[in-house]
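Peer 1: Provided herewith is a single structure, encoded as structure tokens, for subsequent inquiry.
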Amino acid sequence: MANSPSKSQPKAAASKPKAAALTNQRPDAESETTPAVLALIGNTPLVRISKFDTGPCTLFAKLESQNPGGSIKDRIALAMIEAAERAGTLLPGGTIVEATAGNTGLGLALVAAAKGYRLILVIPDKMAVEKINHLRALGAETRITRSDVGKGHPDYYQDIAERLAKETLGALYVNQFANPANPQAHEDWTGPEILRQMDGDLDAMIVGVGSGGTLTGLGRCFQKLSPKTKMIVADPAGSVIRDIVETGTHGEAGSWVVEGIGEDFVPPNCDLSLAHHAYTISDAEGLTAGRELLRHEGILGGSSTGTMFAAALRYCRTRATAERVVFLVADTGNKYLSKMYNDAWMADQGFIGADRHGDLRDLLARRYDRGQVVAVAPTDTLLTAFKRMRIADVSQLPVMQGDHVVGLLDESDLLLHVQEDPARFRDAVTTAMTARLETVPMNAPLSVLSGIFDRNLVALVVDGERFLGLLTRVDLLNHLRRRLG
């Protein structure tokens with residue numbers, strides 16, 4: 001990694017930004033009073049992408065994932081809280097309320113914990129469990145609400161946060177979507193930092209739009225210090241941002257899986273006039289690009305990183321001449337290990353291809369013959385079975401004797417066996433499992449599953465005597481949803 005990448009090929013001399021703007025330290029840094037961990041925010045590394053076809057361009061990744069909270073949002077969290085402190089709207093020991101898809105919440109939780117504030121966060125239900133656990137570990141209080149409703153609906157996360165702030169005595173509603181300290185942090189801090197690392201020579205900057213602060217702040221900075229730099233927006237399919245940039249109008253917003261970017265409205269902080277072009281990136285393309293970035297470059301980014309990387313590759317491959325381009329690794333992929341980096345989850349969502357057979361095998365998210373099914377042996381203890389259920393987050397386990405299913409153990413069987421005497425966790429699995437199995441040939445019609453599920457049972461799919469996997473109601477629902485396209 002290099003903080004100042006050398007130019008890979010000769011270019012015409014670029015006008016340099018003013019030296020005063022290219023400081024290593026954030027503006028108004030309070031080095032004597034700021035908790036030490038907060039001094040680690042910013043000055044993140046820049047690394048050249050070397051294993052992908054980038055056309056005539058040189059592409060760099062700005063690793064905002066290296067901030068102490070794991071994302072670019074650490075910058076605006078610190079800036080917004082310190083602006084409120086200076087304005088007197090946040091007093092010592094006060095309460096902060098915010099609506100967030102995750103990373104702003106993590107940044108606020110980091111700063112709030114360091115400075116001793118109470119933090120209440122309203123978050124949409126599509127947020128990765130790793131983010132929620134991280135927030136709670138930092139002491140944040142969380143309120144989870146729906147992700148499938150728009151602004152104006154009583155369950156919309158931003159509207160709930162605003163109501164909570166009004167109902168909580170002395171609370172500050174941060175409102176990253178309209179807080180001027182959000183774009184200002186990128187204008188005064190992130191932008192000059194990127195230009196310093198690029199020796200003042202930057203042709204295009206790839207960003208996403210969530211609150212709009214990154215686009216607006218960087219766009220304003222580059223207008224002043226690097227007028228040639230084009231702002232390119234990566235937008236998830238379903239968001240309205242790309243259509244507004246390209247056509248000035250938009251249709252009804254859809255839904256998307258990518259977290260942290262994409263909107264169903266234009267936030268007050270978002271100045272789309274600064275965007276030169278925008279790309280629509282599907283969830284499948286963005287998540288796959290993020291996985292490929294890890295596999296080939298070793299960069300573990302989140303879902304929005306994949307979207308921006310996919311847009312950066314599209315942009316670079318359509319250039320006629322050499323350009324120097326930067327995209328953001330907006331957050332670390334550590335928070336997405338259960339989702340975009342989990343093959344089973346990706347298959348459940350229909351984002352990665354799977355062999356299609358036209359039978360019940362197409363419904364199996366996890367195949368026993370591929371080592372994807374967690375199982376127990378008849379002689380294992382019930383405690384072992386319980387631990388495996390917890391680790392795998394499943395409610396039933398096949399009991400295997402070699403390659404043959406001899407039983408099924410579910411959580412209700414386990415509870416019934418041990419509730420009177422916890423010492424019975426030491427009993428063998430055979431003492432609690434059921435041997436009455438609902439096996440279904442892999443070529444059985446889909447309709448056969450309804451009768452099994454109506455009796456609250458699980459279907460065991462077999463090929464002759466060979467066990468292939470378990471089917472539950474959720475598997476059937478996932479299959480039917482994928483058929484929507």
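Labeling convention for the structure tokens: chains A, B, ... as they appear, residues from 1 per chain, ligands from 1 in order of appearance.
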For Leu415 of chain A, please output as JSON, numbers by chain all residues within 12 Å (counting only C-alpha atoms; exclusion window: fewer than 6 positions along the same chain).

Peer 2: {"A": [382, 383, 385, 386, 395, 396, 409, 421, 422, 424, 425, 432, 433]}

Peer 1: So which bits of segment 82-269 of chain A end up helix (DSSP H, G or I) when you DSSP the backbone, as number ranges by chain?

Peer 2: A: 82-87, 103-115, 129-137, 157-167, 181-197, 213-225, 241-247

Peer 1: Work out how far apart atom CA of Arg319 of chain A and atom CA of Ala204 of chain A are and give it in Å to one decimal.

Peer 2: 11.1 Å

Peer 1: Please list as a PDB file with C-alpha atoms, in the first residue's frame every residue within 12 Å of Ala320 of chain A, counting only C-alpha atoms and excluding residues in the same chain fewer than 2 positions away.

Peer 2:
```
ATOM      1  CA  THR A  54      -9.049  -1.237 -15.960  1.00  0.00           C
ATOM      2  CA  GLY A  55      -8.753  -0.269 -19.624  1.00  0.00           C
ATOM      3  CA  PRO A  56      -6.281   2.574 -20.161  1.00  0.00           C
ATOM      4  CA  CYS A  57      -6.847   3.859 -16.628  1.00  0.00           C
ATOM      5  CA  TYR A 315     -16.013   3.732 -16.142  1.00  0.00           C
ATOM      6  CA  CYS A 316     -12.363   2.803 -16.665  1.00  0.00           C
ATOM      7  CA  ARG A 317     -13.081   0.293 -19.422  1.00  0.00           C
ATOM      8  CA  THR A 318     -14.986   2.880 -21.473  1.00  0.00           C
ATOM      9  CA  ALA A 322      -5.471   7.206 -19.712  1.00  0.00           C
ATOM     10  CA  GLU A 323      -7.049   8.540 -16.529  1.00  0.00           C
TER      11      GLU A 323
END
```

Peer 1: Tell me which protein, DNA and RNA residues are within 8 Å of Ala275 of chain A, counting only C-alpha atoms, leaving out same-chain ones fewer than 4 positions away, and put them as a list in words.

Peer 2: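 Here the qualifying residues turn out to be Leu215, Gly219, Lys230, Met231, Ile232, Val233, Val245 and Asp271 of chain A.
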
Peer 1: Between atom CA of Tyr279 of chain A and atom CA of Glu292 of chain A, what is the distance in Å, rounded to a tenth?

Peer 2: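 Those two atoms sit 19.1 Å apart.
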
Peer 1: Restrict the calculation to only C-alpha atoms, then for each residue of segment 367-458 of chain A with any atom at most 12 Å from an atom of segment 332-353 of chain A give the closest atom pair and their distance in Å to one decimal, rows by chain and rising residue number, as a tab-separated table.

Peer 2:
```
residue	atom	partner	partner_atom	distance
A:Arg367	CA	A:Ala344	CA	9.8
A:Arg370	CA	A:Ala344	CA	11.7
A:Gly371	CA	A:Ala344	CA	11.8
A:Gln372	CA	A:Ala344	CA	8.4
A:Val373	CA	A:Ala344	CA	10.5
A:Ile391	CA	A:Ser338	CA	11.9
A:Ala392	CA	A:Ser338	CA	10.8
A:Asp393	CA	A:Ser338	CA	11.0
```

Peer 1: As a list in words, which residues of segment 73-182 of chain A does DSSP assign to strand (DSSP E)?

Peer 2: Thr95, Ile96, Val97, Glu98, Ala99, Arg118, Leu119, Ile120, Leu121, Val122, Ile123, Pro124, Glu141, Thr142, Arg143, Ile144, Thr145, Ala171, Leu172 and Tyr173 of chain A

Peer 1: Could you please take those selected residues and save N, CA and C atoms as a PDB file, in the first residue's frame?

Peer 2:
```
ATOM      1  N   THR A  95     -27.665  13.043  25.023  1.00  0.00           N
ATOM      2  CA  THR A  95     -28.141  11.909  24.222  1.00  0.00           C
ATOM      3  C   THR A  95     -28.123  12.273  22.744  1.00  0.00           C
ATOM      4  N   ILE A  96     -27.635  11.340  21.934  1.00  0.00           N
ATOM      5  CA  ILE A  96     -27.589  11.501  20.478  1.00  0.00           C
ATOM      6  C   ILE A  96     -28.563  10.505  19.866  1.00  0.00           C
ATOM      7  N   VAL A  97     -29.354  10.957  18.898  1.00  0.00           N
ATOM      8  CA  VAL A  97     -30.292  10.080  18.183  1.00  0.00           C
ATOM      9  C   VAL A  97     -30.001  10.180  16.695  1.00  0.00           C
ATOM     10  N   GLU A  98     -30.012   9.044  16.010  1.00  0.00           N
ATOM     11  CA  GLU A  98     -29.768   9.071  14.576  1.00  0.00           C
ATOM     12  C   GLU A  98     -30.444   7.902  13.876  1.00  0.00           C
ATOM     13  N   ALA A  99     -30.775   8.110  12.600  1.00  0.00           N
ATOM     14  CA  ALA A  99     -31.251   7.052  11.712  1.00  0.00           C
ATOM     15  C   ALA A  99     -30.085   6.650  10.816  1.00  0.00           C
ATOM     16  N   ARG A 118     -24.809   9.166  25.531  1.00  0.00           N
ATOM     17  CA  ARG A 118     -25.776   8.110  25.254  1.00  0.00           C
ATOM     18  C   ARG A 118     -26.147   8.179  23.773  1.00  0.00           C
ATOM     19  N   LEU A 119     -26.322   7.018  23.135  1.00  0.00           N
ATOM     20  CA  LEU A 119     -26.630   6.992  21.711  1.00  0.00           C
ATOM     21  C   LEU A 119     -27.805   6.060  21.442  1.00  0.00           C
ATOM     22  N   ILE A 120     -28.834   6.572  20.742  1.00  0.00           N
ATOM     23  CA  ILE A 120     -29.987   5.778  20.315  1.00  0.00           C
ATOM     24  C   ILE A 120     -30.001   5.776  18.786  1.00  0.00           C
ATOM     25  N   LEU A 121     -30.023   4.596  18.188  1.00  0.00           N
ATOM     26  CA  LEU A 121     -29.974   4.468  16.738  1.00  0.00           C
ATOM     27  C   LEU A 121     -31.216   3.745  16.221  1.00  0.00           C
ATOM     28  N   VAL A 122     -31.817   4.265  15.159  1.00  0.00           N
ATOM     29  CA  VAL A 122     -32.922   3.608  14.472  1.00  0.00           C
ATOM     30  C   VAL A 122     -32.363   3.044  13.168  1.00  0.00           C
ATOM     31  N   ILE A 123     -32.471   1.729  12.985  1.00  0.00           N
ATOM     32  CA  ILE A 123     -31.815   1.077  11.857  1.00  0.00           C
ATOM     33  C   ILE A 123     -32.789   0.191  11.091  1.00  0.00           C
ATOM     34  N   PRO A 124     -32.680   0.136   9.760  1.00  0.00           N
ATOM     35  CA  PRO A 124     -33.564  -0.715   8.952  1.00  0.00           C
ATOM     36  C   PRO A 124     -33.224  -2.187   9.134  1.00  0.00           C
ATOM     37  N   GLU A 141     -27.891   1.988  21.904  1.00  0.00           N
ATOM     38  CA  GLU A 141     -29.226   1.411  21.991  1.00  0.00           C
ATOM     39  C   GLU A 141     -29.809   1.385  20.571  1.00  0.00           C
ATOM     40  N   THR A 142     -30.392   0.263  20.177  1.00  0.00           N
ATOM     41  CA  THR A 142     -30.870   0.140  18.804  1.00  0.00           C
ATOM     42  C   THR A 142     -32.380  -0.069  18.753  1.00  0.00           C
ATOM     43  N   ARG A 143     -33.003   0.536  17.756  1.00  0.00           N
ATOM     44  CA  ARG A 143     -34.410   0.322  17.434  1.00  0.00           C
ATOM     45  C   ARG A 143     -34.461  -0.116  15.976  1.00  0.00           C
ATOM     46  N   ILE A 144     -34.922  -1.330  15.735  1.00  0.00           N
ATOM     47  CA  ILE A 144     -34.944  -1.873  14.376  1.00  0.00           C
ATOM     48  C   ILE A 144     -36.326  -1.689  13.769  1.00  0.00           C
ATOM     49  N   THR A 145     -36.356  -1.182  12.534  1.00  0.00           N
ATOM     50  CA  THR A 145     -37.633  -0.923  11.869  1.00  0.00           C
ATOM     51  C   THR A 145     -37.584  -1.425  10.433  1.00  0.00           C
ATOM     52  N   ALA A 171     -32.184  15.652  23.840  1.00  0.00           N
ATOM     53  CA  ALA A 171     -31.540  14.823  22.818  1.00  0.00           C
ATOM     54  C   ALA A 171     -31.205  15.636  21.578  1.00  0.00           C
ATOM     55  N   LEU A 172     -30.134  15.242  20.914  1.00  0.00           N
ATOM     56  CA  LEU A 172     -29.724  15.828  19.649  1.00  0.00           C
ATOM     57  C   LEU A 172     -30.032  14.847  18.530  1.00  0.00           C
ATOM     58  N   TYR A 173     -30.849  15.277  17.556  1.00  0.00           N
ATOM     59  CA  TYR A 173     -31.064  14.484  16.349  1.00  0.00           C
ATOM     60  C   TYR A 173     -29.970  14.869  15.358  1.00  0.00           C
TER      61      TYR A 173
END
```

Peer 1: Between atom CA of His277 of chain A and atom CA of Pro236 of chain A, what distance in Å does the model show, to one decimal?

Peer 2: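 Atom-to-atom, atom CA of His277 of chain A to atom CA of Pro236 of chain A, that is 14.1 Å.
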
Peer 1: Between A:Ala423, A:Ala428, A:Val47, A:Leu287, which one has atoms that come closest to Lys62 of chain A, using only C-alpha atoms?

Peer 2: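 Closest residue, counting only C-alpha atoms: A:Val47.
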
Peer 1: Considering only C-alpha atoms, return as number ranges by chain whatever protein or nucleic-acid residues lie within 12 Å of Gly116 of chain A, sequence-local ones (same chain, fewer than 4 positions apart) excluded.

Peer 2: A: 35, 81, 90-96, 108-112, 138-140

Peer 1: Using only C-alpha atoms, can you tell me which of A:Ala234, A:Asp243, A:Ala181, A:Ala87 comes closest to Ser303 of chain A?

Peer 2: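 Checking each candidate against Ser303 of chain A, we get A:Ala234 as the closest.
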
Peer 1: Kindly indicate which residue among A:Thr58, A:Ser412, A:Asn182, A:Ser239 lies nearest to Thr216 of chain A, using only C-alpha atoms for the distances.

Peer 2: A:Asn182

Peer 1: For segment 463-479 of chain A, work out the shell of residues within 9 Å, counting only C-alpha atoms and skipping chain neighbours fewer than 3 positions away, then give it as a VMD selection string.

Peer 2: chain A and resid 348 to 350 360 to 370 372 to 373 397 to 398 403 to 405 439 to 443 446 449 to 450 453 457 to 460 482 to 483

Peer 1: Using only C-alpha atoms, pick whichever of A:Val376, A:Gly262, A:Ala237, A:Val329 has the shortest atom-to-atom distance to Leu294 of chain A.

Peer 2: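 So, comparing all the options, the nearest one is A:Val329.
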